[in-house]
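J.: Supplied structure: run13.txt, compact mmCIF, C-alpha atoms (C1' of nucleotides).
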# COMPACT_ATOMS: atom_id res chain seq x y z
CA MET Z 5 -56.13 142.00 -66.82
CA LYS Z 6 -58.44 143.49 -64.17
CA ILE Z 7 -60.20 141.45 -61.51
CA GLY Z 8 -63.52 141.33 -63.35
CA GLU Z 9 -61.94 139.79 -66.44
CA LEU Z 10 -60.00 137.25 -64.36
CA ALA Z 11 -63.23 136.43 -62.54
CA ARG Z 12 -65.05 135.78 -65.82
CA GLU Z 13 -62.21 133.65 -67.19
CA SER Z 14 -61.74 131.60 -64.02
CA GLY Z 15 -65.40 131.34 -63.10
CA LEU Z 16 -64.69 132.65 -59.59
CA ALA Z 17 -66.36 135.69 -58.01
CA PRO Z 18 -64.11 138.76 -57.64
CA SER Z 19 -64.78 138.65 -53.90
CA ARG Z 20 -63.37 135.16 -53.82
CA ILE Z 21 -60.17 136.18 -55.63
CA ARG Z 22 -59.68 139.09 -53.20
CA PHE Z 23 -60.35 136.64 -50.34
CA TYR Z 24 -57.62 134.31 -51.60
CA GLU Z 25 -55.24 137.26 -51.73
CA ARG Z 26 -56.08 138.22 -48.12
CA GLU Z 27 -55.56 134.59 -47.08
CA GLY Z 28 -52.17 134.41 -48.79
CA LEU Z 29 -53.05 131.78 -51.39
CA ILE Z 30 -52.18 134.14 -54.22
CA GLY Z 31 -49.68 136.94 -53.82
CA SER Z 32 -50.54 140.61 -53.75
CA ILE Z 33 -50.04 141.76 -57.29
CA ASP Z 34 -49.28 145.02 -59.07
CA ARG Z 35 -51.78 147.84 -58.90
CA GLY Z 36 -52.41 150.42 -61.61
CA LEU Z 37 -52.19 154.13 -60.76
CA ASN Z 38 -55.89 153.97 -59.93
CA GLY Z 39 -55.30 151.21 -57.37
CA TYR Z 40 -56.90 148.50 -59.50
CA ARG Z 41 -55.33 145.03 -59.37
CA GLN Z 42 -53.52 144.00 -62.56
CA TYR Z 43 -53.30 140.23 -63.03
CA SER Z 44 -51.10 138.12 -65.31
CA ARG Z 45 -52.19 134.94 -67.11
CA GLY Z 46 -50.45 132.77 -64.52
CA THR Z 47 -52.87 133.80 -61.81
CA ARG Z 48 -55.70 132.08 -63.61
CA GLN Z 49 -53.78 128.81 -63.58
CA VAL Z 50 -53.06 129.13 -59.88
CA LEU Z 51 -56.78 129.69 -59.27
CA GLU Z 52 -57.62 126.56 -61.25
CA ILE Z 53 -55.20 124.52 -59.17
CA ILE Z 54 -56.73 125.87 -55.97
CA VAL Z 55 -60.25 124.99 -57.10
CA MET Z 56 -59.34 121.48 -58.21
CA ALA Z 57 -57.36 120.80 -55.05
CA GLN Z 58 -60.40 121.88 -53.04
CA GLN Z 59 -62.58 119.49 -55.01
CA ALA Z 60 -60.15 116.71 -54.11
CA GLY Z 61 -60.71 117.46 -50.44
CA PHE Z 62 -57.87 119.81 -49.51
CA SER Z 63 -58.56 122.71 -47.13
CA LEU Z 64 -57.31 126.19 -48.01
CA ASP Z 65 -54.79 125.79 -45.22
CA GLU Z 66 -53.39 122.63 -46.77
CA ILE Z 67 -53.36 124.19 -50.23
CA ARG Z 68 -51.48 127.20 -48.93
CA ASN Z 69 -48.78 124.91 -47.55
CA LEU Z 70 -48.54 122.92 -50.77
CA LEU Z 71 -48.26 125.97 -53.01
CA PRO Z 72 -44.89 127.73 -53.01
CA PRO Z 73 -44.39 130.79 -50.81
CA HIS Z 74 -44.84 133.95 -52.82
CA GLY Z 75 -42.02 135.75 -51.06
CA LYS Z 76 -41.00 138.66 -53.20
CA GLY Z 77 -37.73 140.50 -53.39
CA ASP Z 78 -34.99 140.59 -55.97
CA TRP Z 79 -35.32 137.75 -58.41
CA SER Z 80 -31.67 137.22 -59.14
CA ARG Z 81 -30.76 134.18 -61.15
CA ASP Z 82 -29.85 132.03 -58.16
CA THR Z 83 -32.83 132.95 -56.04
CA LEU Z 84 -35.04 132.42 -59.06
CA VAL Z 85 -33.70 128.93 -59.69
CA ALA Z 86 -33.89 128.07 -55.99
CA ALA Z 87 -37.51 129.22 -55.80
CA LEU Z 88 -38.39 127.25 -58.92
CA LYS Z 89 -36.79 124.10 -57.58
CA ALA Z 90 -38.64 124.50 -54.29
CA LYS Z 91 -41.83 124.87 -56.28
CA VAL Z 92 -41.13 121.68 -58.24
CA VAL Z 93 -40.61 119.77 -54.99
CA GLU Z 94 -43.88 121.02 -53.62
CA VAL Z 95 -45.83 120.33 -56.79
CA ALA Z 96 -44.34 116.83 -56.86
CA ALA Z 97 -45.43 116.31 -53.25
CA LEU Z 98 -48.98 117.35 -54.11
CA ARG Z 99 -48.97 115.05 -57.13
CA HIS Z 100 -47.74 112.16 -55.01
CA ARG Z 101 -50.51 112.68 -52.51
CA LEU Z 102 -53.10 112.89 -55.27
CA ALA Z 103 -51.80 109.69 -56.85
CA GLU Z 104 -52.38 107.92 -53.55
CA THR Z 105 -55.87 109.37 -53.30
CA GLN Z 106 -56.68 108.22 -56.82
CA ALA Z 107 -55.23 104.74 -56.29
CA GLY Z 108 -57.27 104.40 -53.11
CA LEU Z 109 -60.47 105.42 -54.86
CA GLU Z 110 -59.82 103.06 -57.77
CA ALA Z 111 -59.16 100.20 -55.36
CA VAL Z 112 -62.50 100.84 -53.71
CA ILE Z 113 -64.29 100.93 -57.06
CA ALA Z 114 -62.66 97.68 -58.17
CA ARG Z 115 -63.67 95.97 -54.96
CA ILE Z 116 -67.26 97.10 -55.16
CA GLU Z 117 -67.53 96.07 -58.80
CA ALA Z 118 -66.05 92.65 -57.94
CA THR Z 119 -68.77 91.93 -55.39
CA PRO Z 120 -71.88 90.13 -56.66
CA PRO Z 121 -74.88 92.42 -57.25
CA GLY Z 122 -76.91 90.65 -54.61
CA GLY Z 123 -74.21 91.01 -51.97
CA ASP Z 124 -75.37 92.12 -48.56
CA CYS Z 125 -74.80 95.44 -46.90
CA PHE Z 126 -71.90 94.46 -44.68
CA GLU Z 127 -69.90 92.75 -47.39
CA ASN Z 128 -70.05 95.91 -49.45
CA ALA Z 129 -69.29 98.03 -46.43
CA GLU Z 130 -66.24 95.94 -45.64
CA ALA Z 131 -65.04 96.27 -49.23
CA VAL Z 132 -65.37 100.03 -49.07
CA LEU Z 133 -63.57 100.20 -45.76
CA ALA Z 134 -60.76 97.89 -46.83
CA GLY Z 135 -60.00 100.06 -49.82
CA LEU Z 136 -60.26 103.30 -47.94
CA ARG Z 137 -58.04 102.06 -45.13
CA GLU Z 138 -55.34 101.29 -47.67
CA GLN Z 139 -55.60 104.84 -48.89
CA SER Z 140 -55.37 106.21 -45.37
CA LYS Z 141 -52.28 104.15 -44.70
CA ALA Z 142 -50.70 105.44 -47.89
CA ASP Z 143 -51.39 109.01 -46.78
CA MET E 40 -73.88 99.61 -27.01
CA LYS E 41 -74.39 103.14 -25.64
CA ILE E 42 -73.22 106.29 -27.37
CA GLY E 43 -70.08 106.68 -25.25
CA GLU E 44 -68.82 103.23 -26.16
CA LEU E 45 -69.58 103.80 -29.85
CA ALA E 46 -67.77 107.13 -29.61
CA ARG E 47 -64.65 105.50 -28.16
CA GLU E 48 -64.67 102.72 -30.75
CA SER E 49 -65.22 105.01 -33.72
CA GLY E 50 -63.06 107.87 -32.49
CA LEU E 51 -65.90 110.35 -33.00
CA ALA E 52 -67.31 112.66 -30.33
CA PRO E 53 -70.76 111.72 -29.03
CA SER E 54 -71.99 115.14 -30.11
CA ARG E 55 -70.90 114.34 -33.63
CA ILE E 56 -72.79 111.03 -33.66
CA ARG E 57 -75.95 112.78 -32.41
CA PHE E 58 -75.38 115.44 -35.06
CA TYR E 59 -75.24 112.80 -37.80
CA GLU E 60 -78.48 111.35 -36.49
CA ARG E 61 -80.17 114.78 -36.58
CA GLU E 62 -78.87 115.24 -40.13
CA GLY E 63 -80.22 111.89 -41.27
CA LEU E 64 -76.88 110.23 -42.04
CA ILE E 65 -77.55 107.47 -39.56
CA GLY E 66 -81.06 106.36 -38.66
CA SER E 67 -82.71 107.07 -35.35
CA ILE E 68 -82.11 103.89 -33.42
CA ASP E 69 -83.70 102.05 -30.54
CA ARG E 70 -83.80 103.65 -27.12
CA GLY E 71 -83.66 101.82 -23.80
CA LEU E 72 -86.39 102.43 -21.21
CA ASN E 73 -84.23 105.26 -19.86
CA GLY E 74 -84.16 106.97 -23.26
CA TYR E 75 -80.51 106.12 -23.93
CA ARG E 76 -79.56 105.30 -27.52
CA GLN E 77 -78.72 101.60 -28.10
CA TYR E 78 -76.45 101.03 -31.09
CA SER E 79 -75.69 97.86 -33.08
CA ARG E 80 -72.25 96.97 -34.44
CA GLY E 81 -73.25 98.05 -37.94
CA THR E 82 -73.49 101.67 -36.88
CA ARG E 83 -69.76 101.81 -36.27
CA GLN E 84 -69.08 100.70 -39.84
CA VAL E 85 -71.46 103.31 -41.20
CA LEU E 86 -69.60 105.96 -39.20
CA GLU E 87 -66.27 104.81 -40.59
CA ILE E 88 -67.61 105.01 -44.11
CA ILE E 89 -68.87 108.54 -43.46
CA VAL E 90 -65.46 109.65 -42.16
CA MET E 91 -63.53 108.09 -45.03
CA ALA E 92 -65.90 109.52 -47.63
CA GLN E 93 -65.40 112.96 -46.09
CA GLN E 94 -61.63 112.55 -46.38
CA ALA E 95 -62.12 111.77 -50.06
CA GLY E 96 -63.88 115.12 -50.46
CA PHE E 97 -67.57 114.27 -50.14
CA SER E 98 -69.89 116.67 -48.31
CA LEU E 99 -72.34 115.32 -45.74
CA ASP E 100 -75.09 116.08 -48.24
CA GLU E 101 -73.40 113.93 -50.88
CA ILE E 102 -72.74 111.16 -48.36
CA ARG E 103 -76.36 111.14 -47.25
CA ASN E 104 -77.35 110.41 -50.84
CA LEU E 105 -74.75 107.64 -51.15
CA LEU E 106 -75.73 105.77 -48.01
CA PRO E 107 -78.60 103.28 -48.15
CA PRO E 108 -82.01 104.39 -46.96
CA HIS E 109 -82.29 103.62 -43.25
CA GLY E 110 -83.88 100.29 -42.47
CA LYS E 111 -82.99 99.00 -45.92
CA GLY E 112 -79.95 96.76 -46.11
CA ASP E 113 -78.92 97.56 -49.66
CA TRP E 114 -76.36 100.06 -50.87
CA SER E 115 -77.25 101.92 -54.01
CA ARG E 116 -74.26 100.25 -55.58
CA ASP E 117 -74.42 101.97 -58.94
CA THR E 118 -74.83 105.42 -57.43
CA LEU E 119 -71.90 104.81 -55.10
CA VAL E 120 -69.65 103.57 -57.90
CA ALA E 121 -70.67 106.44 -60.17
CA ALA E 122 -69.87 109.01 -57.48
CA LEU E 123 -66.50 107.42 -56.77
CA LYS E 124 -65.66 107.38 -60.48
CA ALA E 125 -66.59 111.05 -60.79
CA LYS E 126 -64.23 111.78 -57.89
CA VAL E 127 -61.44 109.85 -59.64
CA VAL E 128 -61.95 111.99 -62.75
CA GLU E 129 -61.62 115.13 -60.65
CA VAL E 130 -58.45 113.93 -58.97
CA ALA E 131 -56.99 112.78 -62.29
CA ALA E 132 -57.68 116.19 -63.84
CA LEU E 133 -55.86 117.92 -61.01
CA ARG E 134 -52.93 115.53 -61.33
CA HIS E 135 -52.72 116.15 -65.07
CA ARG E 136 -52.69 119.88 -64.51
CA LEU E 137 -49.95 119.61 -61.89
CA ALA E 138 -47.88 117.33 -64.13
CA GLU E 139 -47.93 120.04 -66.81
CA THR E 140 -46.98 122.66 -64.26
CA GLN E 141 -44.09 120.57 -63.03
CA ALA E 142 -42.84 119.74 -66.54
CA GLY E 143 -42.98 123.42 -67.49
CA LEU E 144 -41.06 124.45 -64.40
CA GLU E 145 -38.39 121.82 -64.95
CA ALA E 146 -37.95 122.95 -68.55
CA VAL E 147 -37.49 126.55 -67.44
CA ILE E 148 -35.00 125.55 -64.74
CA ALA E 149 -32.98 123.53 -67.24
CA ARG E 150 -32.93 126.49 -69.60
CA ILE E 151 -31.75 128.96 -66.97
CA GLU E 152 -29.08 126.60 -65.70
CA ALA E 153 -27.85 126.06 -69.26
CA THR E 154 -27.37 129.80 -69.63
CA PRO E 155 -23.84 130.95 -68.79
CA PRO E 156 -23.58 133.60 -66.04
CA GLY E 157 -22.29 136.11 -68.60
CA GLY E 158 -25.62 137.74 -69.28
CA ASP E 159 -25.94 138.16 -73.06
CA CYS E 160 -27.62 134.82 -73.44
CA PHE E 161 -30.13 136.12 -70.95
CA GLU E 162 -32.01 137.83 -73.75
CA ASN E 163 -32.83 134.49 -75.33
CA ALA E 164 -34.63 133.35 -72.25
CA GLU E 165 -36.18 136.74 -71.71
CA ALA E 166 -39.65 135.83 -72.92
CA VAL E 167 -39.73 132.71 -70.78
CA LEU E 168 -38.48 134.55 -67.74
CA ALA E 169 -40.93 137.39 -68.22
CA GLY E 170 -43.80 134.97 -68.19
CA LEU E 171 -42.28 133.11 -65.30
CA ARG E 172 -41.76 136.27 -63.27
CA GLU E 173 -45.41 137.14 -63.75
CA GLN E 174 -46.47 133.67 -62.72
CA SER E 175 -44.23 133.65 -59.66
CA LYS E 176 -45.51 137.03 -58.56
CA ALA E 177 -49.05 135.81 -59.03
CA ASP E 178 -48.29 132.80 -56.88
C1' DC V 39 -77.91 107.99 -0.38
C1' DT V 40 -74.66 110.60 -2.30
C1' DT V 41 -70.94 111.10 -5.69
C1' DG V 42 -69.45 110.99 -10.27
C1' DA V 43 -69.72 109.27 -14.72
C1' DC V 44 -72.81 108.52 -17.76
C1' DC V 45 -77.02 109.91 -20.67
C1' DT V 46 -80.83 113.49 -22.58
C1' DT V 47 -82.33 117.94 -25.12
C1' DA V 48 -82.23 122.59 -27.07
C1' DA V 49 -79.70 126.33 -28.12
C1' DA V 50 -75.75 128.95 -28.67
C1' DG V 51 -70.86 129.13 -30.18
C1' DT V 52 -66.84 127.99 -33.49
C1' DT V 53 -64.27 127.39 -37.76
C1' DT V 54 -63.88 127.43 -42.65
C1' DA V 55 -64.78 129.43 -46.78
C1' DC V 56 -66.71 132.33 -48.60
C1' DT V 57 -70.56 136.42 -50.08
C1' DT V 58 -72.89 140.62 -49.22
C1' DT V 59 -73.20 145.23 -47.80
C1' DA V 60 -71.86 149.97 -47.23
C1' DA V 61 -69.52 153.74 -48.68
C1' DG V 62 -66.97 155.48 -51.93
C1' DG V 63 -63.37 156.31 -56.10
C1' DT V 64 -62.54 155.43 -61.51
C1' DT V 65 -63.52 154.93 -66.31
C1' DA V 66 -66.12 154.67 -70.82
C1' DG V 67 -70.06 156.04 -73.53
C1' DG V 68 -73.84 159.27 -75.03
C1' DC Q 220 -71.66 166.39 -67.42
C1' DC Q 221 -74.15 162.27 -66.32
C1' DT Q 222 -74.78 157.58 -65.90
C1' DA Q 223 -73.58 152.90 -65.63
C1' DA Q 224 -70.35 149.66 -64.95
C1' DC Q 225 -66.37 149.03 -63.19
C1' DC Q 226 -62.97 149.12 -59.13
C1' DT Q 227 -61.54 149.88 -53.80
C1' DT Q 228 -61.88 148.79 -48.57
C1' DA Q 229 -63.64 147.14 -44.13
C1' DA Q 230 -67.04 144.89 -41.90
C1' DA Q 231 -70.93 142.18 -41.43
C1' DG Q 232 -73.55 138.10 -42.99
C1' DT Q 233 -74.02 133.09 -44.44
C1' DA Q 234 -73.73 127.92 -44.82
C1' DA Q 235 -71.59 123.65 -43.50
C1' DA Q 236 -70.02 120.81 -40.00
C1' DC Q 237 -69.43 120.46 -35.82
C1' DT Q 238 -68.65 121.56 -30.52
C1' DT Q 239 -69.91 123.63 -26.30
C1' DT Q 240 -73.05 125.05 -22.87
C1' DA Q 241 -76.98 124.78 -19.86
C1' DA Q 242 -80.09 122.27 -17.44
C1' DG Q 243 -81.32 118.22 -16.14
C1' DG Q 244 -82.31 112.71 -15.80
C1' DT Q 245 -80.00 107.81 -14.92
C1' DC Q 246 -77.01 104.47 -12.94
C1' DA Q 247 -73.17 101.81 -10.42
C1' DA Q 248 -70.12 102.13 -6.56
C1' DG Q 249 -68.97 103.17 -1.82
Step by step, read the file and then write its structure as structure tokens.

T.:
Amino acid sequence: MKIGELARESGLAPSRIRFYEREGLIGSIDRGLNGYRQYSRGTRQVLEIIVMAQQAGFSLDEIRNLLPPHGKGDWSRDTLVAALKAKVVEVAALRHRLAETQAGLEAVIARIEATPPGGDCFENAEAVLAGLREQSKAD
Amino acid sequence: MKIGELARESGLAPSRIRFYEREGLIGSIDRGLNGYRQYSRGTRQVLEIIVMAQQAGFSLDEIRNLLPPHGKGDWSRDTLVAALKAKVVEVAALRHRLAETQAGLEAVIARIEATPPGGDCFENAEAVLAGLREQSKAD
DNA sequence: CTTGACCTTAAAGTTTACTTTAAGGTTAGG
DNA sequence: CCTAACCTTAAAGTAAACTTTAAGGTCAAG
């Protein structure tokens, strides 16, 4: 799969995919004899995770630290398993953080919906802040 | 309350508070005879809401549309709740995606670890590993 | 009445996350 | 063979969200 096809499938501009490669969010991949990048299906999934994590408020720097290092070398059985386990730990950490974010947002929604429609500005503001502070603490 | 005091209380730089005023996130407020800005307590709460909303992934443009029109005391409650719910959907989608990734990884790890070090059972897991190798490289 | 910590503005600089441009090599179709 | 649509790189440009700088006015203390 060349970069144009991956771009169409993922909805990202080719320049953006090359940018992510330069920034170390996706690894440098195989090139054909002509120098063209050749992507596998997995890359598209990584791109989707990056985009969604961004939408949830993560910077590229944070995302890079949450995604596993793409250190390449010999993928012997043991190193492969070790890398996979490290990846699971990191994915779990990201999921944990997102669960807290979601719980915080839902708490805020519940509080706002529990306030009477005619409630004044500060009561609503306090409700929003109370919920968001809980989320910040959980972070 | 002058801008320096508000800055200390809110933890934001004075330049940032003036920036938010220029951008229309907080209203232009009263000035003393000397031209100094005079803030009320409510401004601090608005600033906290802005900061928390940013941490939840909202842009200043989005936040400006969520905050009440200046001078009016009423939050657009429905708009605020709708935006928060949309954000929850985004976060939930990312979590779902990551849960699948984690489950897939754990299944592959279990499979590799169940394979004896001999090597002839390696062929059975070949397809899985091939896909995994591609995905890991693409990481 | 001067010193230093405030405040004011406008404008320029910074960082992040990209896109666009420039200059060129590759591949598929007529 | 030519053309159009791909691909490559490095470098410059852009938008968002601020911060810093420059040049100055205000105020409380000594």

J.: May I ask for the distance between CA of Ser19 in chain Z and CA of Ala60 in chain Z, given in Å to one decimal place?

T.: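 According to the coordinates, CA of Ser19 in chain Z and CA of Ala60 in chain Z are separated by 22.4 Å.
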
J.: May I have the residues of chain Q within 12 Å of chain Z, counting only C-alpha atoms (C1' of nucleotides), written as a ChimeraX atom specification?

T.: /Q:224-228

J.: Closest to chain E among V:DG68, V:DC44, V:DG62, V:DA50, using only C-alpha atoms (C1' of nucleotides)?

T.: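 Of V:DG68, V:DC44, V:DG62, V:DA50, the one nearest chain E, counting only C-alpha atoms (C1' of nucleotides), is V:DC44.
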
J.: Could you please tell me, as a PyMOL selection string, which residues of chain V have an atom within 9 Å of chain Z when using only C-alpha atoms (C1' of nucleotides)?

T.: chain V and resi 54-57+63-64

J.: Which residue is closest to chain Z? Choose from E:Gly96, E:Lys126, E:Glu152, E:Arg57 and count all atoms listed in the file.

T.: E:Gly96

J.: Work out how far apart CA of Ala132 in chain E and CA of Gln58 in chain Z are and give it in Å to one decimal.

T.: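 These two atoms are separated by 12.5 Å.
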
J.: Have a look at CA of Glu25 in chain Z and CA of Glu13 in chain Z and let me know their distance in Å, one decimal.

T.: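 Computing it gives 17.3 Å between the two atoms.
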
J.: Tell me, as a VMD selection string, which residues lie within 12 Å of DT41 in chain V, counting all atoms listed in the file; anything in the same chain fewer than 3 positions away does not count.

T.: chain Q and resid 246 to 249

J.: Return as JSON the box centre and box size in Å, one decimal, for an axis-aligned box around all listed atoms of range 106-119 of chain Z padded by 5 Å per side.

T.:
{"center_x": -62.0, "center_y": 100.1, "center_z": -56.0, "size_x": 23.5, "size_y": 26.3, "size_z": 15.7}

J.: Would you give me, as a Markdown table, each residue of chain Z having an atom within 7 Å of an atom of chain E, along with its shortest atom pair and that distance in Å to one decimal, using all atoms listed in the file and sorting by chain and residue number?

T.:
| residue | atom | partner | partner_atom | distance |
| --- | --- | --- | --- | --- |
| Z:Ile30 | CA | E:Asp178 | CA | 4.9 |
| Z:Gly31 | CA | E:Asp178 | CA | 5.3 |
| Z:Ile33 | CA | E:Ala177 | CA | 6.3 |
| Z:Ser44 | CA | E:Glu173 | CA | 6.0 |
| Z:Gly46 | CA | E:Gln174 | CA | 4.5 |
| Z:Thr47 | CA | E:Ala177 | CA | 5.1 |
| Z:Val50 | CA | E:Asp178 | CA | 6.7 |
| Z:Ile53 | CA | E:Leu133 | CA | 6.9 |
| Z:Met56 | CA | E:Leu133 | CA | 5.7 |
| Z:Ala57 | CA | E:Leu133 | CA | 6.8 |
| Z:Gln59 | CA | E:Gly96 | CA | 6.4 |
| Z:Ala60 | CA | E:Gly96 | CA | 5.5 |
| Z:Gly61 | CA | E:Gly96 | CA | 3.9 |
| Z:His74 | CA | E:Asp178 | CA | 5.5 |
| Z:Val85 | CA | E:Ile148 | CA | 6.2 |
| Z:Leu88 | CA | E:Leu144 | CA | 6.7 |
| Z:Val92 | CA | E:Gln141 | CA | 5.7 |
| Z:Val95 | CA | E:Gln141 | CA | 6.5 |
| Z:Arg99 | CA | E:Arg134 | CA | 5.8 |
| Z:Leu102 | CA | E:Val130 | CA | 6.6 |
| Z:Gln106 | CA | E:Val127 | CA | 5.8 |
| Z:Leu109 | CA | E:Val127 | CA | 6.6 |
| Z:Ile113 | CA | E:Val120 | CA | 6.0 |
| Z:Asp124 | CA | E:Asp113 | CA | 6.6 |
| Z:Cys125 | CA | E:Gly112 | CA | 5.4 |
| Z:Leu133 | CA | E:Ile88 | CA | 6.5 |
| Z:Leu136 | CA | E:Met91 | CA | 6.5 |
